[in-house]
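Trainee: My structure is stored as upload_13.csv, with CSV, C-alpha atoms.
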```csv
chain,number,residue,atom,x,y,z
A,1,MET,CA,-76.5,42.3,-8.4
A,2,THR,CA,-78.2,45.7,-8.8
A,3,LYS,CA,-81.7,46.9,-9.6
A,4,GLU,CA,-80.1,49.4,-11.9
A,5,ALA,CA,-79.5,48.3,-15.5
A,6,CYS,CA,-76.1,47.0,-16.7
A,7,PRO,CA,-73.7,49.7,-18.2
A,8,ASN,CA,-74.5,48.6,-21.8
A,9,ALA,CA,-78.0,47.3,-21.2
A,10,VAL,CA,-80.2,46.0,-24.1
A,11,ASP,CA,-83.3,46.6,-21.9
A,12,LYS,CA,-82.9,49.5,-19.4
A,13,SER,CA,-85.8,48.2,-17.3
A,14,LYS,CA,-83.9,45.1,-16.2
A,15,GLY,CA,-81.4,44.8,-13.3
A,16,CYS,CA,-77.8,43.7,-13.6
A,17,ILE,CA,-76.0,40.5,-12.6
A,18,TYR,CA,-72.2,41.3,-12.5
A,19,LEU,CA,-69.8,38.4,-13.1
A,20,GLY,CA,-66.0,38.6,-12.7
A,21,THR,CA,-63.2,37.6,-15.0
A,22,ILE,CA,-59.6,37.0,-13.9
A,23,SER,CA,-57.4,36.0,-16.9
A,24,ASP,CA,-53.9,36.1,-18.4
A,25,LEU,CA,-54.3,39.2,-20.5
A,26,THR,CA,-50.9,40.9,-21.0
A,27,GLU,CA,-47.6,39.0,-20.3
A,28,GLY,CA,-48.2,35.5,-19.0
A,29,PRO,CA,-47.6,32.3,-21.1
A,30,PHE,CA,-51.3,31.8,-22.0
A,31,LYS,CA,-52.2,35.3,-23.2
A,32,THR,CA,-52.7,34.1,-26.8
A,33,LEU,CA,-55.5,31.8,-25.5
A,34,ALA,CA,-56.7,34.0,-22.7
A,35,VAL,CA,-57.6,37.1,-24.7
A,36,PRO,CA,-59.8,35.2,-27.1
A,37,ILE,CA,-61.4,33.3,-24.1
A,38,THR,CA,-62.3,36.6,-22.5
A,39,ASP,CA,-63.6,38.2,-25.7
A,40,SER,CA,-65.7,35.0,-26.4
A,41,GLN,CA,-67.3,35.1,-23.0
A,42,LYS,CA,-68.3,38.8,-23.5
A,43,ALA,CA,-69.9,37.7,-26.8
A,44,PHE,CA,-71.6,34.7,-25.1
A,45,TRP,CA,-73.2,36.8,-22.4
A,46,LYS,CA,-74.2,39.5,-24.9
A,47,ARG,CA,-76.2,36.8,-26.7
A,48,VAL,CA,-77.8,35.8,-23.4
A,49,ASN,CA,-78.8,39.5,-22.9
A,50,ASP,CA,-80.1,39.8,-26.5
A,51,LYS,CA,-82.3,36.8,-25.9
A,52,GLY,CA,-83.9,38.4,-22.8
A,53,GLY,CA,-81.3,37.9,-20.0
A,54,ILE,CA,-81.9,35.7,-17.0
A,55,GLY,CA,-84.8,36.1,-14.5
A,56,GLY,CA,-85.4,39.8,-15.1
A,57,TYR,CA,-81.7,40.6,-15.2
A,58,GLU,CA,-79.1,41.1,-17.8
A,59,VAL,CA,-75.5,39.9,-17.3
A,60,ASP,CA,-72.4,42.2,-17.3
A,61,VAL,CA,-68.9,40.6,-17.8
A,62,THR,CA,-67.1,43.8,-18.8
A,63,LYS,CA,-66.9,45.9,-15.7
A,64,TYR,CA,-64.9,43.5,-13.5
A,65,VAL,CA,-62.1,42.1,-15.7
A,66,LYS,CA,-58.7,41.6,-14.1
A,67,ASP,CA,-55.3,40.5,-15.4
A,68,ASN,CA,-53.5,37.8,-13.3
A,69,LYS,CA,-50.3,37.7,-15.4
A,70,TYR,CA,-50.5,33.9,-14.7
A,71,ASN,CA,-49.3,34.6,-11.1
A,72,PRO,CA,-51.1,33.1,-8.1
A,73,GLN,CA,-50.3,36.1,-5.8
A,74,ILE,CA,-51.7,38.6,-8.3
A,75,HIS,CA,-54.7,36.3,-9.0
A,76,ASN,CA,-55.6,36.4,-5.3
A,77,GLN,CA,-55.0,40.1,-5.0
A,78,VAL,CA,-57.3,41.1,-8.0
A,79,TYR,CA,-59.9,38.5,-6.8
A,80,GLN,CA,-60.1,40.3,-3.5
A,81,GLU,CA,-60.6,43.6,-5.3
A,82,ILE,CA,-63.7,42.4,-7.2
A,83,LYS,CA,-65.1,39.8,-4.9
A,84,GLY,CA,-67.5,42.1,-3.2
A,85,ASN,CA,-69.0,43.3,-6.5
A,86,VAL,CA,-69.7,40.0,-8.4
A,87,LEU,CA,-72.2,37.2,-8.0
A,88,ALA,CA,-69.9,34.6,-9.6
A,89,LEU,CA,-66.7,34.3,-11.7
A,90,THR,CA,-67.3,33.6,-15.4
A,91,GLN,CA,-63.6,33.0,-15.7
A,92,THR,CA,-60.7,32.2,-13.4
A,93,LEU,CA,-57.8,31.3,-15.7
A,94,GLY,CA,-55.1,28.8,-14.7
A,95,SER,CA,-54.9,25.8,-12.4
A,96,PRO,CA,-52.3,27.0,-9.9
A,97,THR,CA,-53.8,30.5,-9.9
A,98,THR,CA,-57.3,29.3,-9.2
A,99,VAL,CA,-56.0,27.1,-6.4
A,100,ALA,CA,-54.7,30.3,-4.7
A,101,ILE,CA,-58.3,31.5,-4.3
A,102,LEU,CA,-60.1,28.1,-3.8
A,103,PRO,CA,-60.4,28.3,0.0
A,104,ASP,CA,-62.0,31.7,-0.4
A,105,LEU,CA,-64.3,30.5,-3.2
A,106,GLU,CA,-65.5,27.7,-1.0
A,107,LYS,CA,-66.0,29.9,2.1
A,108,THR,CA,-67.8,32.8,0.3
A,109,PRO,CA,-69.3,30.7,-1.6
A,110,MET,CA,-68.5,32.0,-5.0
A,111,VAL,CA,-69.3,29.7,-8.0
A,112,SER,CA,-66.6,30.0,-10.6
A,113,VAL,CA,-65.8,28.9,-14.1
A,114,PRO,CA,-62.2,27.7,-14.6
A,115,ALA,CA,-60.2,28.4,-17.7
A,116,SER,CA,-58.2,25.1,-17.1
A,117,TRP,CA,-58.9,21.4,-17.0
A,118,THR,CA,-57.2,20.0,-13.9
A,119,SER,CA,-58.9,16.9,-12.4
A,120,LEU,CA,-59.1,18.8,-9.1
A,121,TRP,CA,-62.2,20.6,-10.4
A,122,GLY,CA,-64.1,17.3,-10.4
A,123,HIS,CA,-63.8,17.3,-6.6
A,124,GLU,CA,-64.7,21.0,-6.1
A,125,GLU,CA,-68.4,22.0,-5.9
A,126,VAL,CA,-67.8,25.7,-6.5
A,127,VAL,CA,-65.9,25.1,-9.8
A,128,LEU,CA,-68.0,24.4,-12.9
A,129,GLU,CA,-65.6,22.4,-15.2
A,130,SER,CA,-66.4,21.4,-18.7
A,131,GLY,CA,-65.0,18.6,-20.9
A,132,ALA,CA,-62.3,16.0,-20.2
A,133,ASN,CA,-59.6,17.0,-17.7
A,134,TYR,CA,-55.9,16.9,-18.5
A,135,CYS,CA,-55.6,13.5,-16.8
A,136,VAL,CA,-58.4,11.9,-18.9
A,137,GLU,CA,-57.2,13.6,-22.0
A,138,SER,CA,-53.7,12.2,-21.6
A,139,MET,CA,-55.0,8.7,-20.8
A,140,ASN,CA,-57.1,8.8,-24.0
A,141,ALA,CA,-54.0,10.0,-26.0
A,142,VAL,CA,-51.9,7.2,-24.7
A,143,ASP,CA,-54.6,4.6,-25.4
A,144,TYR,CA,-55.0,5.9,-28.9
A,145,ALA,CA,-51.2,5.9,-29.6
A,146,THR,CA,-50.9,2.4,-28.2
A,147,GLU,CA,-53.7,1.0,-30.4
A,148,LYS,CA,-53.2,3.1,-33.6
A,149,MET,CA,-49.4,3.8,-33.6
A,150,GLY,CA,-48.1,0.8,-31.7
A,151,VAL,CA,-46.1,2.8,-29.2
A,152,LYS,CA,-44.1,0.9,-26.5
A,153,SER,CA,-42.6,3.8,-24.6
A,154,VAL,CA,-44.0,7.1,-23.4
A,155,MET,CA,-42.6,10.3,-21.8
A,156,ALA,CA,-44.5,13.1,-20.1
A,157,VAL,CA,-42.8,16.4,-20.7
A,158,HIS,CA,-44.7,19.0,-18.7
A,159,ASN,CA,-44.8,22.2,-16.6
A,160,ALA,CA,-44.8,21.7,-12.8
A,161,GLY,CA,-48.0,22.4,-10.9
A,162,ASP,CA,-51.6,21.2,-11.4
A,163,TYR,CA,-51.6,21.7,-15.2
A,164,GLY,CA,-48.6,19.6,-16.1
A,165,ASP,CA,-48.6,17.2,-13.2
A,166,ASP,CA,-52.2,16.3,-13.9
A,167,ALA,CA,-51.5,15.4,-17.5
A,168,ALA,CA,-48.3,13.5,-16.5
A,169,ALA,CA,-50.4,11.5,-13.9
A,170,GLY,CA,-52.9,10.5,-16.6
A,171,THR,CA,-50.0,9.5,-18.9
A,172,LYS,CA,-48.4,7.4,-16.2
A,173,ILE,CA,-51.7,5.6,-15.3
A,174,ALA,CA,-52.3,4.7,-18.9
A,175,ALA,CA,-48.7,3.7,-19.5
A,176,GLU,CA,-48.8,1.3,-16.5
A,177,LYS,CA,-52.2,-0.1,-17.6
A,178,ARG,CA,-50.9,-0.7,-21.1
A,179,GLY,CA,-47.5,-2.1,-20.1
A,180,LEU,CA,-45.5,0.8,-21.6
A,181,THR,CA,-42.2,2.1,-20.2
A,182,PHE,CA,-42.8,5.6,-18.7
A,183,GLU,CA,-40.5,8.6,-18.1
A,184,ASN,CA,-41.4,11.8,-16.3
A,185,VAL,CA,-39.7,15.1,-17.3
A,186,THR,CA,-40.6,18.4,-15.6
A,187,THR,CA,-39.7,21.6,-17.4
A,188,THR,CA,-39.9,25.3,-16.5
A,189,ALA,CA,-41.8,27.8,-18.6
A,190,GLY,CA,-39.7,30.0,-20.9
A,191,GLN,CA,-38.1,29.3,-24.3
A,192,ASP,CA,-34.6,29.4,-22.9
A,193,ASN,CA,-35.5,26.8,-20.2
A,194,GLN,CA,-36.3,23.8,-22.5
A,195,GLY,CA,-32.7,22.4,-22.9
A,196,GLY,CA,-33.1,19.7,-20.3
A,197,ALA,CA,-36.4,18.5,-21.7
A,198,ILE,CA,-35.0,18.4,-25.3
A,199,ASP,CA,-32.0,16.5,-24.1
A,200,ALA,CA,-34.3,14.0,-22.3
A,201,VAL,CA,-36.4,13.5,-25.4
A,202,VAL,CA,-33.4,13.0,-27.7
A,203,SER,CA,-31.5,10.7,-25.4
A,204,LYS,CA,-34.3,8.5,-24.2
A,205,LYS,CA,-36.0,8.3,-27.6
A,206,PRO,CA,-39.6,7.5,-26.4
A,207,ASP,CA,-42.1,6.4,-29.1
A,208,LEU,CA,-44.5,9.1,-27.7
A,209,VAL,CA,-44.2,12.3,-25.8
A,210,ILE,CA,-47.2,13.7,-24.1
A,211,LEU,CA,-46.5,17.5,-24.0
A,212,THR,CA,-48.1,19.8,-21.5
A,213,THR,CA,-46.6,23.3,-21.7
A,214,GLY,CA,-47.5,26.7,-23.3
A,215,PRO,CA,-47.5,26.9,-27.1
A,216,THR,CA,-44.2,28.7,-27.5
A,217,ASP,CA,-42.3,26.2,-25.4
A,218,ALA,CA,-43.9,23.4,-27.3
A,219,ALA,CA,-42.6,24.8,-30.6
A,220,VAL,CA,-39.1,25.0,-29.1
A,221,ILE,CA,-39.2,21.4,-27.8
A,222,ILE,CA,-40.6,19.8,-30.9
A,223,GLY,CA,-38.5,21.8,-33.3
A,224,GLN,CA,-35.2,21.3,-31.5
A,225,ALA,CA,-35.8,17.6,-30.8
A,226,ALA,CA,-36.6,17.0,-34.4
A,227,ALA,CA,-33.5,19.0,-35.5
A,228,ARG,CA,-31.4,16.6,-33.3
A,229,GLY,CA,-32.9,13.5,-35.1
A,230,PHE,CA,-35.9,12.6,-32.8
A,231,LYS,CA,-38.4,10.6,-34.8
A,232,GLY,CA,-41.0,9.8,-32.2
A,233,LYS,CA,-44.5,11.4,-31.9
A,234,PHE,CA,-45.8,14.2,-29.8
A,235,ILE,CA,-49.3,14.6,-28.6
A,236,GLY,CA,-50.0,17.9,-26.9
A,237,THR,CA,-52.7,18.5,-24.2
A,238,SER,CA,-55.1,21.2,-25.3
A,239,PRO,CA,-53.4,24.5,-24.1
A,240,THR,CA,-50.2,23.4,-25.8
A,241,TRP,CA,-51.6,24.5,-29.2
A,242,ASN,CA,-51.9,27.8,-30.9
A,243,PRO,CA,-52.4,28.2,-34.7
A,244,GLY,CA,-49.4,30.5,-34.7
A,245,LEU,CA,-47.2,27.4,-34.3
A,246,LEU,CA,-47.7,26.6,-38.0
A,247,LYS,CA,-46.0,29.9,-38.8
A,248,SER,CA,-43.1,29.2,-36.5
A,249,PRO,CA,-39.6,27.8,-37.5
A,250,ALA,CA,-40.8,24.5,-35.9
A,251,ALA,CA,-43.7,24.2,-38.4
A,252,PRO,CA,-42.2,21.4,-40.5
A,253,ALA,CA,-41.4,19.3,-37.4
A,254,ILE,CA,-44.8,20.0,-35.9
A,255,LYS,CA,-46.5,18.8,-39.1
A,256,ALA,CA,-44.4,15.7,-39.2
A,257,LEU,CA,-44.4,14.7,-35.5
A,258,TYR,CA,-47.3,16.3,-33.7
A,259,MET,CA,-50.9,15.7,-32.8
A,260,GLN,CA,-53.2,17.8,-30.7
A,261,SER,CA,-55.6,16.4,-28.1
A,262,ALA,CA,-58.6,18.5,-27.2
A,263,PRO,CA,-61.6,18.3,-24.8
A,264,TRP,CA,-64.1,19.4,-27.5
A,265,LYS,CA,-64.1,20.2,-31.2
A,266,SER,CA,-62.5,23.2,-32.8
A,267,TRP,CA,-63.8,26.5,-34.1
A,268,GLY,CA,-65.0,25.4,-37.6
A,269,THR,CA,-67.2,22.5,-36.3
A,270,GLU,CA,-70.9,22.4,-37.3
A,271,SER,CA,-73.0,22.4,-34.2
A,272,VAL,CA,-75.7,24.9,-32.9
A,273,GLY,CA,-73.2,26.2,-30.4
A,274,HIS,CA,-70.3,26.6,-32.7
A,275,THR,CA,-72.5,28.3,-35.3
A,276,ALA,CA,-73.8,30.7,-32.7
A,277,MET,CA,-70.3,31.4,-31.5
A,278,ARG,CA,-69.0,32.2,-35.0
A,279,ALA,CA,-72.0,34.5,-35.6
A,280,ALA,CA,-71.3,36.3,-32.3
A,281,LEU,CA,-67.7,36.9,-33.2
A,282,PRO,CA,-67.6,38.1,-36.8
A,283,GLY,CA,-64.3,39.1,-38.3
A,284,VAL,CA,-62.0,37.5,-35.6
A,285,THR,CA,-59.1,35.4,-36.6
A,286,PRO,CA,-60.2,31.9,-35.6
A,287,ASN,CA,-58.6,30.6,-32.4
A,288,ASP,CA,-59.8,27.8,-30.1
A,289,GLY,CA,-59.5,30.2,-27.2
A,290,TYR,CA,-62.8,31.5,-28.4
A,291,THR,CA,-64.2,28.0,-28.6
A,292,ALA,CA,-63.1,27.2,-25.0
A,293,GLY,CA,-64.4,30.5,-23.6
A,294,TRP,CA,-67.8,29.9,-25.2
A,295,VAL,CA,-68.1,26.2,-24.0
A,296,TRP,CA,-67.0,27.1,-20.5
A,297,ALA,CA,-69.8,29.6,-20.1
A,298,TYR,CA,-72.7,27.2,-20.5
A,299,PRO,CA,-72.8,25.6,-17.0
A,300,LEU,CA,-72.8,29.0,-15.3
A,301,LYS,CA,-75.7,30.1,-17.6
A,302,ALA,CA,-77.5,26.9,-16.6
A,303,ALA,CA,-76.8,27.5,-12.9
A,304,LEU,CA,-78.0,31.1,-13.0
A,305,GLU,CA,-81.2,30.1,-14.9
A,306,LYS,CA,-81.8,27.4,-12.2
A,307,ALA,CA,-81.2,29.9,-9.4
A,308,ALA,CA,-83.6,32.4,-11.0
A,309,SER,CA,-86.3,29.7,-11.3
A,310,ASN,CA,-85.7,28.8,-7.6
A,311,LYS,CA,-86.1,32.6,-6.9
A,312,ASP,CA,-82.7,32.7,-5.2
A,313,LEU,CA,-80.1,34.6,-7.2
A,314,THR,CA,-77.7,34.9,-4.2
A,315,ARG,CA,-74.3,33.3,-4.1
A,316,ALA,CA,-75.6,30.5,-1.9
A,317,GLY,CA,-78.6,30.2,-4.2
A,318,VAL,CA,-76.3,29.8,-7.3
A,319,LEU,CA,-74.3,27.0,-5.5
A,320,ALA,CA,-77.6,25.3,-4.5
A,321,ALA,CA,-78.7,25.5,-8.2
A,322,VAL,CA,-75.4,23.9,-9.3
A,323,ARG,CA,-76.1,20.9,-7.0
A,324,GLN,CA,-79.4,20.4,-8.9
A,325,LEU,CA,-77.8,20.3,-12.4
A,326,THR,CA,-78.0,16.8,-13.8
A,327,SER,CA,-76.9,18.0,-17.3
A,328,VAL,CA,-76.1,21.1,-19.2
A,329,ASP,CA,-77.2,22.0,-22.7
A,330,TYR,CA,-74.0,22.8,-24.5
A,331,GLU,CA,-75.9,23.2,-27.8
A,332,GLY,CA,-74.1,20.3,-29.3
A,333,MET,CA,-70.5,21.5,-28.4
A,334,LEU,CA,-70.3,18.6,-26.0
A,335,PRO,CA,-72.1,15.3,-26.1
A,336,SER,CA,-75.3,14.7,-24.1
A,337,GLY,CA,-74.5,13.6,-20.5
A,338,ALA,CA,-71.9,16.4,-20.1
A,339,GLY,CA,-72.4,18.9,-17.3
A,340,ASN,CA,-73.7,16.6,-14.5
A,341,PHE,CA,-72.9,18.6,-11.3
A,342,SER,CA,-75.3,16.7,-9.0
A,343,ALA,CA,-73.6,13.3,-9.1
A,344,SER,CA,-70.4,12.0,-7.3
A,345,PRO,CA,-67.1,12.9,-9.0
A,346,GLN,CA,-66.8,9.3,-10.2
A,347,ASP,CA,-70.2,9.3,-11.9
A,348,ALA,CA,-70.0,12.9,-13.1
A,349,LEU,CA,-66.5,12.6,-14.7
A,350,PHE,CA,-66.6,13.3,-18.4
A,351,ARG,CA,-64.3,10.8,-20.1
A,352,GLN,CA,-64.4,11.7,-23.8
A,353,SER,CA,-61.8,13.7,-25.7
A,354,THR,CA,-60.9,14.3,-29.4
A,355,LEU,CA,-57.6,14.2,-31.4
A,356,TYR,CA,-56.5,16.6,-34.2
A,357,LYS,CA,-53.5,16.8,-36.6
A,358,PRO,CA,-51.9,20.0,-37.9
A,359,ASP,CA,-53.4,21.3,-41.1
A,360,ASP,CA,-52.6,24.7,-42.7
A,361,ALA,CA,-56.0,24.8,-44.4
A,362,ALA,CA,-58.0,24.4,-41.2
A,363,PRO,CA,-59.3,27.6,-39.4
A,364,THR,CA,-57.3,27.0,-36.2
A,365,GLY,CA,-54.5,25.0,-37.9
A,366,VAL,CA,-55.8,21.5,-36.9
A,367,THR,CA,-58.2,19.0,-38.5
A,368,LEU,CA,-60.1,16.2,-36.7
A,369,VAL,CA,-58.6,12.8,-36.7
A,370,GLU,CA,-60.6,11.1,-33.9
A,371,ASP,CA,-64.0,12.2,-32.8
A,372,PHE,CA,-65.2,12.0,-29.1
A,373,PHE,CA,-63.9,8.8,-27.7
A,374,THR,CA,-63.1,7.2,-24.3
A,375,GLY,CA,-60.1,4.9,-24.2
A,376,SER,CA,-60.1,1.7,-22.0
A,377,THR,CA,-57.9,3.4,-19.3
A,378,ALA,CA,-60.3,6.3,-18.7
A,379,LYS,CA,-63.3,4.0,-19.0
A,380,ASP,CA,-62.2,1.9,-16.1
A,381,PHE,CA,-60.6,4.7,-14.1
A,382,LYS,CA,-61.8,5.1,-10.5
A,383,PHE,CA,-61.9,8.9,-9.9
A,384,GLU,CA,-61.4,9.0,-6.1
A,385,LYS,CA,-59.1,12.0,-5.9
A,386,PRO,CA,-57.3,14.4,-8.2
A,387,CYS,CA,-55.0,12.4,-10.4
A,388,TYR,CA,-51.8,14.2,-9.5
A,389,GLN,CA,-52.3,13.8,-5.7
```
Taking this structure as input, can you express it in the form of C-alpha cells?

Mentor:
Amino acid sequence: MTKEACPNAVDKSKGCIYLGTISDLTEGPFKTLAVPITDSQKAFWKRVNDKGGIGGYEVDVTKYVKDNKYNPQIHNQVYQEIKGNVLALTQTLGSPTTVAILPDLEKTPMVSVPASWTSLWGHEEVVLESGANYCVESMNAVDYATEKMGVKSVMAVHNAGDYGDDAAAGTKIAAEKRGLTFENVTTTAGQDNQGGAIDAVVSKKPDLVILTTGPTDAAVIIGQAAARGFKGKFIGTSPTWNPGLLKSPAAPAIKALYMQSAPWKSWGTESVGHTAMRAALPGVTPNDGYTAGWVWAYPLKAALEKAASNKDLTRAGVLAAVRQLTSVDYEGMLPSGAGNFSASPQDALFRQSTLYKPDDAAPTGVTLVEDFFTGSTAKDFKFEKPCYQ
C-alpha cells in the first residue's frame, strides 16, 4: 500500500492498494481460461475504483501480474518477486501451483484468491475460495446422472494432482454411496498423451465418465472415444470446458455425449453481478473465464472493506477481516449463504453446483440444464479433510 495514487487512478488524492496476480498467461494448458480471468479481474477492480475505492484507497491489479506457465516452480519464483509489494493476491491460478506457495502464504500471512476449486481451500484460512469445489461438483454430477440418466457404472478420467485427484475422489465417494461400479484413470496433460485414457473408456464402457482435464485434452478423449464406438456420457468438471470445443473436430461427439458441470452460472445469466460484468467488459468474446474471474474477486473485496472498517489494512488485518466474514454479497452470482469464512470447513462448505449442455446458440457454448442443486451425497458429506487426501 502507498499514500501515492495508483498508476491509473480515478482520484489522484487517494492512496493505492496493490494486489498481485499469478496466472497461466502464455503457454500452459489453461491459458484460454486464464487470460479472460485476469482481464475480468482488472475490470472488476476498475469498477470498485469507479465507485470510490476502499477506505480512502484505490486498488491496482495491473502492476504486479506474473505468468506461472502452470509450473509450480515458476509460480513460487514469481510470487517471491512480487510478495514484498502487494497486500494480497487477487489471483493465484492452479491447484498444484498454489500449493507450492501455500506455506509462505500462511506464514506471511498473505490472503489470496485461487483460480481453482480444490477442496483443500476449504481447510486453508488464507485462501478465499468461491463456489463448489471439484469434489462436491463431481458428487453432484454423479448423483444427477444416477437419478436422471440411470447410470450404473462411472469412471473418473483425470489429470494427476489436486485438480484431477479431487474430482476423482468426489466421483468415487458418490459412486460408493450410490452402489455404482467405479474405475479410476489418471492421464497426463497433452493431446498426444490421451491414448491410455481413450483405451480405458472404450474397453471398460462405463455409463458415465467424469472428465477432469484441460479443454484440448477433453476434446481428444471425447472425440476419439466416440469414433471408436463409445456410447456412454461424459460430464466435465468446470475447467474442462472452452467454447472453442464446439468448433473442434470433436464437436459432433461433444454435442451427443457431453455435459458440463459448473460452480456457478455462465456469462449470459441475468443477475446484478453478471450484468455488471458484461457492462464492464464490452466487446469481448464471451468466455466463462471472465465469469470465474469476476465471481472470485468478491470475497477479497469484502475482506478489504471489512479490514478498512476495522481500520487495519495490513496483511494481518485482512486475514482478521476474513475470519469475520459470515457471508459475501456476490450480487446474485452465487446464492445467499455463499462466502462464509468464519465457520468451520464442514459448516462453510458450499455444496451447490449447476449443469449445462452444449449449445451453439449460447454465448459460451453451453445452456443451463440444472440450476443450483445439492445431490444427496454432497448433502450428507462430512468435510473433515480435503477429499483427495

Trainee: Can you work out the spacing between atom CA of A:Ala343 and atom CA of A:Lys265 in Å, to one decimal?

Mentor: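 So the answer is 25.0 Å.
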
Trainee: Go through A:Gly289, A:Pro36, A:Pro263, A:Gly223 one by one, measure the shortest atom-to-atom distance of each to A:Thr118 using only C-alpha atoms, and give the residue with the smallest value.

Mentor: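 Looking at the shortest contact to A:Thr118, the residue is A:Pro263.
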
Trainee: Counting only C-alpha atoms, figure out which residue out of A:Lys3, A:Glu176, A:Ser261, A:Ala145 gets nearest to A:Gly232.

Mentor: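 Counting only C-alpha atoms, the residue closest to A:Gly232 is A:Ala145.
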
Trainee: Looking at all atoms listed in the file, which of A:Gly244, A:Gly15, A:Pro345, A:Pro335 is the one that sits closest to A:Pro386?

Mentor: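 The shortest atom-to-atom distance to A:Pro386 comes from A:Pro345.
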
Trainee: Which residues of stretch 281-314 of chain A sit at most 9 Å from stretch 43-55 of chain A, using all atoms listed in the file? Give each one's shortest atom pair and distance in Å (one decimal place), in chain and ascending residue order, as JSON lines.

Mentor:
```
{"residue": "A:Leu281", "atom": "CA", "partner": "A:Ala43", "partner_atom": "CA", "distance": 6.8}
{"residue": "A:Gly293", "atom": "CA", "partner": "A:Phe44", "partner_atom": "CA", "distance": 8.5}
{"residue": "A:Trp294", "atom": "CA", "partner": "A:Phe44", "partner_atom": "CA", "distance": 6.1}
{"residue": "A:Ala297", "atom": "CA", "partner": "A:Phe44", "partner_atom": "CA", "distance": 7.4}
{"residue": "A:Tyr298", "atom": "CA", "partner": "A:Phe44", "partner_atom": "CA", "distance": 8.9}
{"residue": "A:Lys301", "atom": "CA", "partner": "A:Ile54", "partner_atom": "CA", "distance": 8.4}
{"residue": "A:Leu304", "atom": "CA", "partner": "A:Ile54", "partner_atom": "CA", "distance": 7.2}
{"residue": "A:Glu305", "atom": "CA", "partner": "A:Ile54", "partner_atom": "CA", "distance": 6.0}
{"residue": "A:Ala307", "atom": "CA", "partner": "A:Gly55", "partner_atom": "CA", "distance": 8.8}
{"residue": "A:Ala308", "atom": "CA", "partner": "A:Gly55", "partner_atom": "CA", "distance": 5.2}
{"residue": "A:Ser309", "atom": "CA", "partner": "A:Gly55", "partner_atom": "CA", "distance": 7.3}
{"residue": "A:Lys311", "atom": "CA", "partner": "A:Gly55", "partner_atom": "CA", "distance": 8.5}
{"residue": "A:Leu313", "atom": "CA", "partner": "A:Gly55", "partner_atom": "CA", "distance": 8.8}
```

Trainee: The selected residues should be written to file as a short mmCIF file (atom, residue, chain, number, x, y, z; two decimals), in the coordinates of the input (atoms: C-alpha atoms).

Mentor:
```cif
data_model
loop_
_atom_site.label_atom_id
_atom_site.label_comp_id
_atom_site.auth_asym_id
_atom_site.auth_seq_id
_atom_site.Cartn_x
_atom_site.Cartn_y
_atom_site.Cartn_z
CA LEU A 281 -67.70 36.90 -33.20
CA GLY A 293 -64.40 30.50 -23.60
CA TRP A 294 -67.80 29.90 -25.20
CA ALA A 297 -69.80 29.60 -20.10
CA TYR A 298 -72.70 27.20 -20.50
CA LYS A 301 -75.70 30.10 -17.60
CA LEU A 304 -78.00 31.10 -13.00
CA GLU A 305 -81.20 30.10 -14.90
CA ALA A 307 -81.20 29.90 -9.40
CA ALA A 308 -83.60 32.40 -11.00
CA SER A 309 -86.30 29.70 -11.30
CA LYS A 311 -86.10 32.60 -6.90
CA LEU A 313 -80.10 34.60 -7.20
#
```

Trainee: Determine, counting all atoms listed in the file, every residue of protein, DNA or RNA that lies within 12 Å of (-38.2, 28.3, -26.7) in the file coordinates, then give the result as a count of residues only.

Mentor: 30

Trainee: Pick the closest to A:Leu87 from A:Thr21, A:Thr212, A:Thr291, A:Ser13: which is it, counting only C-alpha atoms?

Mentor: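 Of all the options, A:Thr21 lies closest to A:Leu87.
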
Trainee: Counting all atoms listed in the file, which residue out of A:Asp288, A:Glu125, A:Asp359, A:Asp162 sits closest to A:Lys255?

Mentor: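 Counting all atoms listed in the file, the residue closest to A:Lys255 is A:Asp359.
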
Trainee: Looking at A:His75, A:Lys107, A:His158, A:Lys31, which one is nearest to A:Ser138, with distances taken over only C-alpha atoms?

Mentor: A:His158

Trainee: At a cut-off of 9 Å, using all atoms listed in the file, what residues contact stretch 93-96 of chain A? Leave out same-chain residues fewer than 6 positions from it and give the result as a PyMOL selection string.

Mentor: chain A and resi 21-24+30+34+68+70-72+75+113-118+120+161-163

Trainee: Give me, please, the distance in Å between atom CA of A:Pro109 and atom CA of A:Val318, quoted to one decimal.

Mentor: 9.1 Å

Trainee: Taking (-55.1, 5.6, -21.4) in the file's coordinates, which residues come within 8 Å, counting all atoms listed in the file, written as an NGL selection string?

Mentor: :A and (136 or 138-144 or 170-171 or 173-175 or 177-178 or 375-378)

Trainee: Using all atoms listed in the file, which residues sit within 8 Å of A:Arg351 once same-chain residues fewer than 4 positions away are excluded, as a PyMOL selection string?

Mentor: chain A and resi 131-132+136-137+373-374+378-379

Trainee: Could you state the separation of atom CA of A:Gly20 and atom CA of A:Ala292 in Å, given to one decimal place?

Mentor: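 These atoms are spaced 17.0 Å apart.
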